[in-house]
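This report refers to the structure that appears directly beneath it.
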Amino acid sequence: MVNKKRIFALNRKPLVSGPIIYWMSREQRVHDNWGLLHARELAGNDRPLVVAFCLAPAFLGATLRHYDFMFTGLEKVEQELADHGIPFVVLSGDPVKTLPQFARDLGAGAVVTDFDPVKIKQQWQGGIGQQLEVPLIEVDGHNVVPARVVSNKQEYAARTIRPKIHKLSHEFLEELPPLEPVTVGAPSFDPVDWQGVRQSMQVDRSVAPVNIRPGEKAGRDALSDFVHNRLLGYAEKRNDPNEEATSRLSAYFHFGQLAPQRAALDVAASGKGEDQASYLEELIVRRELSDNYCLHNPNYDSLQGAAPWALKTLNEHRDDPRDFIYTYEEFEQAKTHSGLWNAAQQQLLKTGFMHGYMRMFWAKKILEWSASPEDAHAIALRLNDRYQLDGRDPNGYVGVLWSVAGLHDRAWKTRSVYGSIRYMNENGCRRKFNVDEYCRTWL
Ligand code: FO1
């Protein structure tokens with residue numbers, strides 16, 4: 001049922017008898033989840049299936065905004081799994097210790113988990129794979145074309161990965177089967193003490209939750225709203241931050257509450273126009289290019305992850321005079337001289353979301369108004385991960401490097417500070433959309 005090319009053995013241990021554990025991590029949903037579907041097929045009709053989530057105390061600087069969204073989604077996962085006869089447990093502490101212990105206590109026969117290229121997950125999986133006496137099996141539930149299949153190296157740009165994806169998408173852009181309930185008696189666990197989980201988190205509570213409805217059902221509703229009400233005209237309105245034209249699905253994708261594959265299937269089924277093509281390019285090619293980059297480049301979260309030509313040109317212009325230089329705090333508090341930039345930062349602070357076009361302008365101005373390219377990269381990434389609901393994601397790491405250091409982009413006409421990194425400015429924005437309206441909305 002699950003295409004074998006989505007499945008990757010992370011250790012070399014033999015499958016033995018005993019319950020199957022699905023270690024849910026990136027794909028925090030019950031339906032349209034290839035990892036859970038594979039765990040389900042391993043369980044068959046004679047093994048219990050248990051879902052475990054390893055809760056990291058402080059995940060890469062995540063704040064209350066992120067954990068609130070994630071926990072609310074996971075509470076619904078627990079209920080939906082229970083309706084399918086599948087218990088759900090939360091393991092708090094270092095996953096490299098808690099998961100192997102849980103597997104031993106349960107007498108598990110195998111553990112299935114999600115493909116995730118971010119380093120912390122790769123480290124968790126490496127440590128756990130060594131300690132487990134049973135197989136640790138990775139399934140790519142995030143990419144339509146599995147990242148390990150589409151390419152075995154870092155791709156240069158969208159134009160180099162696009163043909164590889166298009167060649168394979170007919171095989172992988174398939175309908176996802178329903179999750180069959182488990183009838184075998186499962187070991188019983190106490191319901192998760194969500195109140196206790198929330199209180200136990202030493203997490204930065206100064207970044208307030210946002211009013212986007214979390215959870216798998218909310219993700220499906222948001223997809224349906226996008227396909228039925230906002231996909232028409234997406235191609236030309238997608239770069240206008242005053243339009244509600246973008247899909248607004250990135251937080252649901254980031255927390256795995258919605259499958260990008262489900263979005264691709266629904267959009268493709270809605271028609272064959274320019275709007276569909278434009279959105280599928282963003283959803284499949286751009287998103288899978290980001291996973292490809294993070295999988296193959298360990299410096300994905302640093303300026304050193306940029307291409308040599310970009311580092312060279314930024315170095316050559318390192319000492320160019322900056323018209324303005326702001327600190328992290330001045331950027332964070334939207335205290336620059338630019339009303340447009342401040343408006344974008346205010347949208348980010350208040351909503352945990354910034355329109356894609358504005359994200360590029362926003363990050364490029366941080367390059368222009370920071371003391372060095374390294375400072376600029378660090379400031380842009382830190383603000384992105386602290387305030388964007390979809391922060392700490394391959395898309396975010398790539399987006400910041402695209403803006404600040406031309407990743408997956410080409411060289412442009414050379415200018416001060418930027419060198420040959422693509423330049424953007426307010427006049428360019430004014431040609432695209434009503435800047436004054438955007439500023440009135442957010443300032
Ligand atoms: N994944 C986990 O498996 N356990 C966590 O405790 C966890 C916390 C978390 C907090 C904020 C955030 O943005 C992501 C978080 N993730 C966690 C990772 C997330 O599930 C995604 O897998 C990756 O961030 C995307 O690669």
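Residues in the structure tokens are numbered from 1 in each chain, the chains being A, B, ... in the order shown, and ligands are numbered from 1 in the order shown.
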Pick out the residues sitting within 10 Å of Tyr156 of chain A, and hand them over as a ChimeraX atom specification; count only C-alpha atoms, and ignore anything fewer than 5 positions along from it in its own chain. /A:161,289,293,307,407-409
Restricted to C-alpha atoms, what would the selected residues look like written as a PDB file, in the first residue's frame?
ATOM      1  CA  ILE A 161      14.932  19.809  -9.444  1.00  0.00           C
ATOM      2  CA  LEU A 289      13.689  21.963  -3.069  1.00  0.00           C
ATOM      3  CA  TYR A 293      18.669  21.570   0.501  1.00  0.00           C
ATOM      4  CA  ALA A 307      26.765  29.288  -2.707  1.00  0.00           C
ATOM      5  CA  LEU A 407      20.411  30.624  -2.517  1.00  0.00           C
ATOM      6  CA  HIS A 408      18.683  28.974  -5.512  1.00  0.00           C
ATOM      7  CA  ASP A 409      18.824  32.404  -7.222  1.00  0.00           C
TER       8      ASP A 409
END
When you look at Phe361 of chain A with a cut-off of 12 Å (counting only C-alpha atoms), what residues show up, excluding the ones that are within fewer than 5 positions of it in the same chain? I need them as a short mmCIF file (atom, residue, chain, number, x, y, z; two decimals) with N, CA, C and O atoms, in the first residue's frame.
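As written to disk, selection21.cif reads:
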data_model
loop_
_atom_site.label_atom_id
_atom_site.label_comp_id
_atom_site.auth_asym_id
_atom_site.auth_seq_id
_atom_site.Cartn_x
_atom_site.Cartn_y
_atom_site.Cartn_z
N ASN A 239 1.28 37.80 -5.26
CA ASN A 239 2.33 38.70 -4.76
C ASN A 239 1.77 39.98 -4.18
O ASN A 239 2.51 40.93 -3.93
N PRO A 241 0.30 41.54 -0.98
CA PRO A 241 0.07 41.29 0.46
C PRO A 241 -1.26 41.85 0.95
O PRO A 241 -1.71 41.50 2.04
N SER A 338 11.90 52.82 7.81
CA SER A 338 11.03 52.46 6.69
C SER A 338 9.65 52.03 7.19
O SER A 338 9.51 51.01 7.88
N LEU A 340 7.23 50.84 5.46
CA LEU A 340 6.83 49.56 4.85
C LEU A 340 7.47 48.39 5.59
O LEU A 340 6.82 47.39 5.91
N TRP A 341 8.78 48.54 5.90
CA TRP A 341 9.44 47.44 6.59
C TRP A 341 8.80 47.24 7.97
O TRP A 341 8.51 46.12 8.38
N ASN A 342 8.54 48.35 8.66
CA ASN A 342 7.94 48.27 10.01
C ASN A 342 6.55 47.63 9.94
O ASN A 342 6.17 46.84 10.80
N ALA A 343 5.81 47.92 8.87
CA ALA A 343 4.47 47.33 8.72
C ALA A 343 4.58 45.82 8.60
O ALA A 343 3.83 45.06 9.22
N ALA A 344 5.57 45.36 7.83
CA ALA A 344 5.76 43.91 7.65
C ALA A 344 6.12 43.27 8.98
O ALA A 344 5.58 42.22 9.35
N GLN A 345 6.98 43.95 9.74
CA GLN A 345 7.39 43.40 11.04
C GLN A 345 6.21 43.37 11.99
O GLN A 345 6.02 42.42 12.76
N MET A 354 3.74 36.33 7.65
CA MET A 354 4.05 37.45 6.77
C MET A 354 3.92 36.94 5.34
O MET A 354 4.38 35.85 5.02
N HIS A 355 3.34 37.71 4.52
CA HIS A 355 3.10 37.34 3.13
C HIS A 355 4.43 37.06 2.43
O HIS A 355 5.42 37.76 2.65
N GLY A 356 4.45 36.05 1.60
CA GLY A 356 5.69 35.58 0.96
C GLY A 356 6.48 36.69 0.28
O GLY A 356 7.69 36.79 0.44
N ILE A 366 16.99 43.68 5.87
CA ILE A 366 17.85 43.34 7.02
C ILE A 366 19.29 43.19 6.53
O ILE A 366 20.23 43.68 7.18
N LEU A 367 19.49 42.60 5.36
CA LEU A 367 20.85 42.54 4.80
C LEU A 367 21.40 43.94 4.62
O LEU A 367 22.53 44.25 5.01
N GLU A 368 20.58 44.83 4.07
CA GLU A 368 21.03 46.19 3.70
C GLU A 368 21.32 47.04 4.93
O GLU A 368 22.20 47.91 4.91
N ALA A 380 17.69 37.79 10.72
CA ALA A 380 16.51 37.38 9.93
C ALA A 380 16.02 36.00 10.38
O ALA A 380 14.81 35.79 10.57
N GLY A 399 14.26 30.23 2.68
CA GLY A 399 13.75 31.57 2.37
C GLY A 399 14.70 32.65 2.83
O GLY A 399 14.97 33.63 2.11
N VAL A 400 15.26 32.49 4.04
CA VAL A 400 16.19 33.50 4.56
C VAL A 400 17.47 33.52 3.71
O VAL A 400 17.96 34.58 3.30
N TRP A 402 17.75 32.54 0.59
CA TRP A 402 17.44 33.05 -0.75
C TRP A 402 17.52 34.58 -0.74
O TRP A 402 18.12 35.20 -1.61
N SER A 403 16.94 35.18 0.31
CA SER A 403 16.85 36.64 0.37
C SER A 403 18.20 37.28 0.66
O SER A 403 18.61 38.22 0.01
N VAL A 404 18.90 36.72 1.65
CA VAL A 404 20.13 37.36 2.13
C VAL A 404 21.35 36.93 1.30
O VAL A 404 22.30 37.70 1.16
N ARG A 422 20.33 39.63 -5.48
CA ARG A 422 19.16 40.33 -6.03
C ARG A 422 18.71 41.43 -5.06
O ARG A 422 18.61 41.22 -3.86
N TYR A 423 18.43 42.60 -5.61
CA TYR A 423 18.03 43.77 -4.83
C TYR A 423 16.51 43.92 -4.88
O TYR A 423 15.87 43.59 -5.89
N MET A 424 15.93 44.39 -3.76
CA MET A 424 14.51 44.76 -3.76
C MET A 424 14.37 46.05 -2.98
O MET A 424 15.14 46.30 -2.04
N ASN A 425 13.37 46.87 -3.40
CA ASN A 425 13.16 48.11 -2.63
C ASN A 425 11.68 48.49 -2.66
O ASN A 425 10.86 47.82 -3.29
N GLU A 426 11.37 49.55 -1.95
CA GLU A 426 9.98 49.96 -1.82
C GLU A 426 9.36 50.31 -3.17
O GLU A 426 8.19 49.99 -3.43
N ASN A 427 10.12 50.92 -4.04
CA ASN A 427 9.56 51.27 -5.36
C ASN A 427 9.10 50.01 -6.09
O ASN A 427 8.05 49.97 -6.73
N GLY A 428 9.92 48.95 -5.93
CA GLY A 428 9.53 47.67 -6.55
C GLY A 428 8.22 47.18 -5.97
O GLY A 428 7.35 46.68 -6.68
N CYS A 429 8.06 47.36 -4.65
CA CYS A 429 6.80 46.96 -4.01
C CYS A 429 5.65 47.83 -4.51
O CYS A 429 4.56 47.33 -4.80
N ARG A 430 5.92 49.12 -4.67
CA ARG A 430 4.85 50.04 -5.11
C ARG A 430 4.37 49.67 -6.51
O ARG A 430 3.21 49.85 -6.86
#
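As for atom CA of Ala39 of chain A and atom CA of Leu249 of chain A, they are spaced 26.4 Å apart.
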As an MDAnalysis selection string, please: every residue in segment 100-307 of chain A that DSSP puts in strand (DSSP E or B). chainID A and resid 110:114 136:139 204
Those same residues - N, CA, C and O atoms - I'd like them written as a PDB file, in the first residue's frame.
ATOM      1  N   ALA A 110       8.841  -3.074  16.184  1.00  0.00           N
ATOM      2  CA  ALA A 110       9.450  -2.142  15.222  1.00  0.00           C
ATOM      3  C   ALA A 110       8.965  -0.733  15.549  1.00  0.00           C
ATOM      4  O   ALA A 110       7.925  -0.564  16.200  1.00  0.00           O
ATOM      5  N   VAL A 111       9.738   0.246  15.115  1.00  0.00           N
ATOM      6  CA  VAL A 111       9.359   1.658  15.275  1.00  0.00           C
ATOM      7  C   VAL A 111       9.405   2.325  13.901  1.00  0.00           C
ATOM      8  O   VAL A 111      10.399   2.192  13.168  1.00  0.00           O
ATOM      9  N   VAL A 112       8.311   3.020  13.547  1.00  0.00           N
ATOM     10  CA  VAL A 112       8.236   3.762  12.288  1.00  0.00           C
ATOM     11  C   VAL A 112       8.231   5.247  12.635  1.00  0.00           C
ATOM     12  O   VAL A 112       7.592   5.638  13.617  1.00  0.00           O
ATOM     13  N   THR A 113       8.962   6.065  11.870  1.00  0.00           N
ATOM     14  CA  THR A 113       8.947   7.510  12.130  1.00  0.00           C
ATOM     15  C   THR A 113       8.999   8.302  10.828  1.00  0.00           C
ATOM     16  O   THR A 113       9.140   7.735   9.741  1.00  0.00           O
ATOM     17  N   ASP A 114       8.904   9.644  10.959  1.00  0.00           N
ATOM     18  CA  ASP A 114       8.792  10.527   9.797  1.00  0.00           C
ATOM     19  C   ASP A 114      10.144  10.968   9.275  1.00  0.00           C
ATOM     20  O   ASP A 114      11.030  11.291  10.059  1.00  0.00           O
ATOM     21  N   LEU A 136      14.227   0.658  13.117  1.00  0.00           N
ATOM     22  CA  LEU A 136      13.724   2.036  13.073  1.00  0.00           C
ATOM     23  C   LEU A 136      13.563   2.357  11.593  1.00  0.00           C
ATOM     24  O   LEU A 136      14.536   2.329  10.841  1.00  0.00           O
ATOM     25  N   ILE A 137      12.305   2.603  11.194  1.00  0.00           N
ATOM     26  CA  ILE A 137      11.975   2.743   9.766  1.00  0.00           C
ATOM     27  C   ILE A 137      11.473   4.149   9.487  1.00  0.00           C
ATOM     28  O   ILE A 137      10.549   4.622  10.156  1.00  0.00           O
ATOM     29  N   GLU A 138      12.097   4.817   8.540  1.00  0.00           N
ATOM     30  CA  GLU A 138      11.713   6.191   8.197  1.00  0.00           C
ATOM     31  C   GLU A 138      10.791   6.169   6.976  1.00  0.00           C
ATOM     32  O   GLU A 138      11.021   5.426   6.014  1.00  0.00           O
ATOM     33  N   VAL A 139       9.734   6.992   7.048  1.00  0.00           N
ATOM     34  CA  VAL A 139       8.813   7.117   5.914  1.00  0.00           C
ATOM     35  C   VAL A 139       8.669   8.597   5.572  1.00  0.00           C
ATOM     36  O   VAL A 139       8.451   9.419   6.475  1.00  0.00           O
ATOM     37  N   ASP A 204       9.190  30.209  26.399  1.00  0.00           N
ATOM     38  CA  ASP A 204       9.052  31.662  26.370  1.00  0.00           C
ATOM     39  C   ASP A 204       7.594  32.018  26.098  1.00  0.00           C
ATOM     40  O   ASP A 204       7.070  31.751  25.010  1.00  0.00           O
TER      41      ASP A 204
END
Residues at most 10 Å from Glu171 of chain A, counting only C-alpha atoms, excluding those fewer than 4 positions away in the same chain, as an MDAnalysis selection string? chainID A and resid 3 144:145 166:167
With N, CA, C and O atoms kept, could you save the residues just selected as a short mmCIF file (atom, residue, chain, number, x, y, z; two decimals), in the first residue's frame?
data_model
loop_
_atom_site.label_atom_id
_atom_site.label_comp_id
_atom_site.auth_asym_id
_atom_site.auth_seq_id
_atom_site.Cartn_x
_atom_site.Cartn_y
_atom_site.Cartn_z
N ASN A 3 4.03 3.12 -0.99
CA ASN A 3 5.08 2.93 -1.99
C ASN A 3 6.43 2.67 -1.29
O ASN A 3 6.89 3.50 -0.49
N VAL A 144 5.72 14.96 -1.84
CA VAL A 144 5.00 14.13 -2.81
C VAL A 144 6.00 13.13 -3.38
O VAL A 144 5.84 11.92 -3.28
N VAL A 145 7.14 13.66 -3.91
CA VAL A 145 8.22 12.77 -4.36
C VAL A 145 9.22 12.71 -3.21
O VAL A 145 9.76 13.74 -2.81
N HIS A 166 8.87 16.40 -11.81
CA HIS A 166 7.79 16.19 -12.78
C HIS A 166 7.86 14.77 -13.36
O HIS A 166 6.85 14.13 -13.61
N LYS A 167 9.09 14.26 -13.51
CA LYS A 167 9.24 12.92 -14.09
C LYS A 167 8.64 11.86 -13.16
O LYS A 167 8.06 10.88 -13.58
#
Taking only C-alpha atoms and all ligand atoms into account, which residues have an atom no farther than 8 Å from ligand 1? I'd like them as JSON, numbers by chain. {"A": [24, 25, 26, 27, 28, 53, 54, 55, 56, 57, 58, 59, 60, 61, 62, 63, 66, 67, 70, 116, 117, 118, 121, 254, 255, 256, 385, 389, 390, 391, 392, 393, 394]}
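Using only C-alpha atoms, the shortest contact distance between Leu106 of chain A and any of A:Gly93, A:Pro178, A:Pro187, A:Gly73 is found at A:Pro187.
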Please compute the atom CA of Pro260 of chain A-atom CA of Arg162 of chain A distance, one decimal, in Å. 16.5 Å
Members of segment 41-226 of chain A assigned helix (DSSP H, G or I) by DSSP, as a PyMOL selection string: chain A and resi 41-43+64-82+95-106+119-131+147-150+158-172+194-200+216-226
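Restricting the calculation to only C-alpha atoms, the smallest distance between Gly305 of chain A and any of A:Leu348, A:Ala411, A:Leu401, A:Val16 is found for A:Leu401.
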